[in-house]
Amino acid sequence: MNAPLPLDRYDWARILEQLDTEGWAPLPALFSPAQARALARAFDDPRTVPTGAADGTCRSLPPPLPHGLDALQARLHARLAPLARTWARRLERAAPAATAAAPACLSRLRQDDCQPLRHAADGAAFPFGLIALLSEPGHDFSGGEFVMTEQRPRQQSRPMVLPLARGDGAVIAVAHRPVQGASGDYRATLRRAISRVRGGERMGLSLPLDGPPAPP
């Protein structure tokens with residue numbers, strides 16, 4: 001399978017602006033239908049490793065990552081690192097350090113499966129991750145929407161449903177983002193989930209973006 005299409009075809013100024021103001025930004029058609037199907041088939045590769053999910057709905061991909069995911073991971077990190085440093089400064093945290101990336105994971109959700117709300121640990125080294133949908137809504141499965149919530153101090157949670165088609169990706173904040181308030185920046189907490197699958201089979205990808213930037 002060929003690697004994902006070049007990232008420079010996207011409007012990165014717009015992506016970074018939406019990520020900064022909303023906590024997520026879409027990457028439409030990041031994978032072709034054939035690439036999405038190939039990634040979905042990797043769930044059953046004997047080299048994948050079950051995660052801590054007791055229901056067996058998630059499996060991690062051991063390095064080296066297949067299908068160009070390692071290069072995609074590094075290039076996205078490089079594009080997002082300046083905003084990550086800005087967020088760290090606004091939240092009065094140390095700048096994110098290059099670390100070994102957490103494992104990439106594939107998910108397979110069938111009827112009545114879901115993923116509950118969760119977010120990365122408070123001290124996550126890098127504030128962004130990539131998620132992608134590998135199945136076609138309305139054809140391969142029904143339900144199974146990717147949902148995010150944002151909790152600001154003394155406010156009700158703000159729900160967001162990410163409108164994904166097969167092959168679409170989205171860069172998301174994995175834990176917190178700074179929000180400008182009357183007295184300066186404050187921290188908003190973002191969580192993500194996948195709603196109950198009502199029928200069929202939903203395949204997805206979660207790609208952490210920790211790690212050093214791509215080489216020149």
# chains A, B, ... in the order shown; residues from 1 in each chain; ligands from 1
$ select_by_dssp --residues "segment 14-137 of chain A" --states "alpha helix (DSSP H)" --output "ChimeraX atom specification"
/A:14-22,33-41,69-90
$ residues_around --residues "Gly204 of chain A" --least-positions-apart "5" --cutoff "10 Å" --atoms "only C-alpha atoms" --output "ChimeraX atom specification"
/A:36,39-40,43,58,105-109,131-135,146,166-167,169
$ write_last_selection --atoms "N, CA and C atoms" --output "PDB file, in the first residue's frame"
ATOM      1  N   ALA A  36      -7.283   2.748   3.351  1.00  0.00           N
ATOM      2  CA  ALA A  36      -8.084   2.537   4.555  1.00  0.00           C
ATOM      3  C   ALA A  36      -8.397   1.054   4.740  1.00  0.00           C
ATOM      4  N   LEU A  39      -5.239  -0.787   5.946  1.00  0.00           N
ATOM      5  CA  LEU A  39      -4.997  -0.541   7.366  1.00  0.00           C
ATOM      6  C   LEU A  39      -5.974  -1.323   8.229  1.00  0.00           C
ATOM      7  N   ALA A  40      -7.234  -1.376   7.819  1.00  0.00           N
ATOM      8  CA  ALA A  40      -8.227  -2.112   8.588  1.00  0.00           C
ATOM      9  C   ALA A  40      -7.869  -3.596   8.659  1.00  0.00           C
ATOM     10  N   PHE A  43      -5.588  -5.106  11.461  1.00  0.00           N
ATOM     11  CA  PHE A  43      -6.089  -5.458  12.797  1.00  0.00           C
ATOM     12  C   PHE A  43      -5.889  -6.946  13.074  1.00  0.00           C
ATOM     13  N   CYS A  58      -9.419  -3.259  20.611  1.00  0.00           N
ATOM     14  CA  CYS A  58      -8.264  -2.454  20.216  1.00  0.00           C
ATOM     15  C   CYS A  58      -7.010  -3.311  20.183  1.00  0.00           C
ATOM     16  N   CYS A 105      -2.735   2.454  17.472  1.00  0.00           N
ATOM     17  CA  CYS A 105      -3.755   1.443  17.756  1.00  0.00           C
ATOM     18  C   CYS A 105      -4.818   1.413  16.671  1.00  0.00           C
ATOM     19  N   LEU A 106      -5.264   0.216  16.361  1.00  0.00           N
ATOM     20  CA  LEU A 106      -6.423   0.003  15.504  1.00  0.00           C
ATOM     21  C   LEU A 106      -7.581  -0.451  16.365  1.00  0.00           C
ATOM     22  N   SER A 107      -8.780   0.006  16.030  1.00  0.00           N
ATOM     23  CA  SER A 107      -9.970  -0.409  16.774  1.00  0.00           C
ATOM     24  C   SER A 107     -10.966  -1.060  15.825  1.00  0.00           C
ATOM     25  N   ARG A 108     -11.668  -2.046  16.339  1.00  0.00           N
ATOM     26  CA  ARG A 108     -12.750  -2.700  15.591  1.00  0.00           C
ATOM     27  C   ARG A 108     -13.965  -2.778  16.516  1.00  0.00           C
ATOM     28  N   LEU A 109     -14.969  -1.997  16.194  1.00  0.00           N
ATOM     29  CA  LEU A 109     -16.186  -1.951  16.996  1.00  0.00           C
ATOM     30  C   LEU A 109     -17.335  -2.545  16.201  1.00  0.00           C
ATOM     31  N   ILE A 131      -6.519  10.816  14.683  1.00  0.00           N
ATOM     32  CA  ILE A 131      -7.475   9.712  14.583  1.00  0.00           C
ATOM     33  C   ILE A 131      -7.945   9.644  13.127  1.00  0.00           C
ATOM     34  N   ALA A 132      -8.348   8.467  12.684  1.00  0.00           N
ATOM     35  CA  ALA A 132      -8.834   8.296  11.310  1.00  0.00           C
ATOM     36  C   ALA A 132      -9.904   7.212  11.292  1.00  0.00           C
ATOM     37  N   LEU A 133     -10.836   7.358  10.364  1.00  0.00           N
ATOM     38  CA  LEU A 133     -11.897   6.371  10.172  1.00  0.00           C
ATOM     39  C   LEU A 133     -11.552   5.525   8.965  1.00  0.00           C
ATOM     40  N   LEU A 134     -11.618   4.202   9.127  1.00  0.00           N
ATOM     41  CA  LEU A 134     -11.210   3.268   8.080  1.00  0.00           C
ATOM     42  C   LEU A 134     -12.379   2.522   7.461  1.00  0.00           C
ATOM     43  N   SER A 135     -13.604   2.808   7.883  1.00  0.00           N
ATOM     44  CA  SER A 135     -14.812   2.177   7.336  1.00  0.00           C
ATOM     45  C   SER A 135     -15.746   3.259   6.814  1.00  0.00           C
ATOM     46  N   PHE A 146     -17.597   9.682  16.096  1.00  0.00           N
ATOM     47  CA  PHE A 146     -16.479  10.125  16.924  1.00  0.00           C
ATOM     48  C   PHE A 146     -16.895  11.422  17.612  1.00  0.00           C
ATOM     49  N   ARG A 166     -14.938   7.567   5.341  1.00  0.00           N
ATOM     50  CA  ARG A 166     -13.829   6.609   5.270  1.00  0.00           C
ATOM     51  C   ARG A 166     -12.584   7.280   4.690  1.00  0.00           C
ATOM     52  N   GLY A 167     -11.473   7.100   5.376  1.00  0.00           N
ATOM     53  CA  GLY A 167     -10.215   7.680   4.945  1.00  0.00           C
ATOM     54  C   GLY A 167      -9.923   9.043   5.517  1.00  0.00           C
ATOM     55  N   GLY A 169      -9.047  11.806   8.296  1.00  0.00           N
ATOM     56  CA  GLY A 169      -8.360  11.900   9.567  1.00  0.00           C
ATOM     57  C   GLY A 169      -8.724  13.201  10.256  1.00  0.00           C
TER      58      GLY A 169
END
$ atom_distance --atom1 "atom CA of Pro64 of chain A" --atom2 "atom CA of Leu205 of chain A"
15.8 Å
$ residues_around --residues "Pro178 of chain A" --least-positions-apart "6" --cutoff "7 Å" --atoms "only C-alpha atoms" --output "VMD selection string"
chain A and resid 87 90 to 91 185 to 188
$ closest_atom_pairs --of "segment 110-197 of chain A" --to "segment 18-25 of chain A" --cutoff "12 Å" --atoms "only C-alpha atoms" --output "CSV"
residue,atom,partner,partner_atom,distance
A:Pro127,CA,A:Gly23,CA,10.0
A:Phe128,CA,A:Trp24,CA,8.9
A:Gly129,CA,A:Trp24,CA,9.5
A:Leu130,CA,A:Trp24,CA,9.5
A:Ile131,CA,A:Trp24,CA,10.2
A:Ala132,CA,A:Ala25,CA,11.8
A:Phe146,CA,A:Trp24,CA,11.7
A:Val147,CA,A:Trp24,CA,11.0
A:Met148,CA,A:Trp24,CA,8.9
A:Thr149,CA,A:Gly23,CA,9.7
A:Glu150,CA,A:Gly23,CA,8.4
A:Gln151,CA,A:Gly23,CA,11.5
A:Arg158,CA,A:Glu22,CA,10.5
A:Pro159,CA,A:Glu22,CA,11.1
A:Met160,CA,A:Glu22,CA,9.4
A:Val161,CA,A:Trp24,CA,10.6
A:Leu162,CA,A:Trp24,CA,8.7
A:Pro163,CA,A:Ala25,CA,10.8
A:Leu164,CA,A:Ala25,CA,11.2
A:Asp168,CA,A:Ala25,CA,11.0
A:Gly169,CA,A:Ala25,CA,8.8
A:Ala170,CA,A:Ala25,CA,5.5
A:Val171,CA,A:Ala25,CA,5.4
A:Ile172,CA,A:Trp24,CA,4.2
A:Ala173,CA,A:Gly23,CA,5.2
A:Val174,CA,A:Gly23,CA,8.7
A:Ala175,CA,A:Gly23,CA,9.5
A:His176,CA,A:Gly23,CA,8.4
A:Arg177,CA,A:Gly23,CA,6.9
A:Pro178,CA,A:Asp20,CA,8.2
A:Val179,CA,A:Thr21,CA,7.8
A:Gln180,CA,A:Thr21,CA,9.6
A:Arg187,CA,A:Gly23,CA,11.8
A:Ala188,CA,A:Gly23,CA,9.4
A:Thr189,CA,A:Gly23,CA,9.7
A:Leu190,CA,A:Gly23,CA,7.6
A:Arg191,CA,A:Gly23,CA,10.1
A:Arg192,CA,A:Trp24,CA,10.7
$ atom_distance --atom1 "atom CA of Ala34 of chain A" --atom2 "atom CA of Arg14 of chain A"
27.5 Å
$ closest_residue --among "A:Pro96, A:Pro28, A:Pro62, A:Gly144" --to "Ala81 of chain A" --atoms "only C-alpha atoms"
A:Pro96
$ closest_residue --among "A:Arg79, A:Arg202, A:Arg110, A:Arg154" --to "Ile15 of chain A" --atoms "only C-alpha atoms"
A:Arg79
$ select_by_dssp --residues "segment 93-200 of chain A" --states "strand (DSSP E or B)" --output "PyMOL selection string"
chain A and resi 104-110+115-118+128-133+137+141-143+146-151+158-162+169-173+176-181+184-194+197-200
$ write_last_selection --atoms "C-alpha atoms" --output "compact mmCIF listing (two decimals), in the first residue's frame"
# COMPACT_ATOMS: atom_id res chain seq x y z
CA ALA A 104 -0.46 3.29 17.30
CA CYS A 105 -3.75 1.44 17.76
CA LEU A 106 -6.42 0.00 15.50
CA SER A 107 -9.97 -0.41 16.77
CA ARG A 108 -12.75 -2.70 15.59
CA LEU A 109 -16.19 -1.95 17.00
CA ARG A 110 -19.19 -4.11 16.20
CA GLN A 115 -15.48 3.64 23.48
CA PRO A 116 -16.15 5.69 26.64
CA LEU A 117 -14.92 9.24 27.15
CA ARG A 118 -11.21 9.43 27.94
CA PHE A 128 -1.93 16.31 19.78
CA GLY A 129 -2.83 12.98 18.22
CA LEU A 130 -4.31 11.74 14.95
CA ILE A 131 -7.48 9.71 14.58
CA ALA A 132 -8.83 8.30 11.31
CA LEU A 133 -11.90 6.37 10.17
CA PRO A 137 -20.46 5.26 7.53
CA PHE A 141 -21.63 0.45 9.91
CA SER A 142 -24.22 2.71 11.51
CA GLY A 143 -23.81 4.79 14.65
CA PHE A 146 -16.48 10.13 16.92
CA VAL A 147 -17.37 12.50 19.75
CA MET A 148 -15.34 15.06 21.68
CA THR A 149 -16.29 17.10 24.72
CA GLU A 150 -14.65 20.22 26.06
CA GLN A 151 -14.96 21.21 29.71
CA ARG A 158 -19.41 21.40 25.06
CA PRO A 159 -20.07 18.35 22.82
CA MET A 160 -18.61 18.05 19.31
CA VAL A 161 -19.28 15.34 16.72
CA LEU A 162 -16.52 14.99 14.12
CA GLY A 169 -8.36 11.90 9.57
CA ALA A 170 -8.46 14.57 12.24
CA VAL A 171 -5.80 16.09 14.45
CA ILE A 172 -7.16 16.35 17.99
CA ALA A 173 -6.05 17.74 21.33
CA HIS A 176 -5.98 20.09 27.36
CA ARG A 177 -5.80 23.33 25.43
CA PRO A 178 -5.43 26.98 26.47
CA VAL A 179 -8.44 29.28 26.14
CA GLN A 180 -8.21 33.06 26.39
CA GLY A 181 -10.27 34.42 29.27
CA GLY A 184 -5.59 35.47 30.84
CA ASP A 185 -5.41 31.89 29.61
CA TYR A 186 -7.10 29.02 31.39
CA ARG A 187 -7.08 25.28 30.74
CA ALA A 188 -9.90 23.48 28.96
CA THR A 189 -10.07 19.68 29.22
CA LEU A 190 -10.90 17.70 26.09
CA ARG A 191 -12.10 14.11 26.04
CA ARG A 192 -12.97 11.84 23.14
CA ALA A 193 -15.24 8.84 22.66
CA ILE A 194 -16.94 6.74 20.02
CA VAL A 197 -22.25 1.17 16.98
CA ARG A 198 -25.82 0.28 16.01
CA GLY A 199 -24.89 -2.21 13.30
CA GLY A 200 -22.04 -3.45 11.11
$ atom_distance --atom1 "atom CA of Arg89 of chain A" --atom2 "atom CA of Trp12 of chain A"
21.1 Å
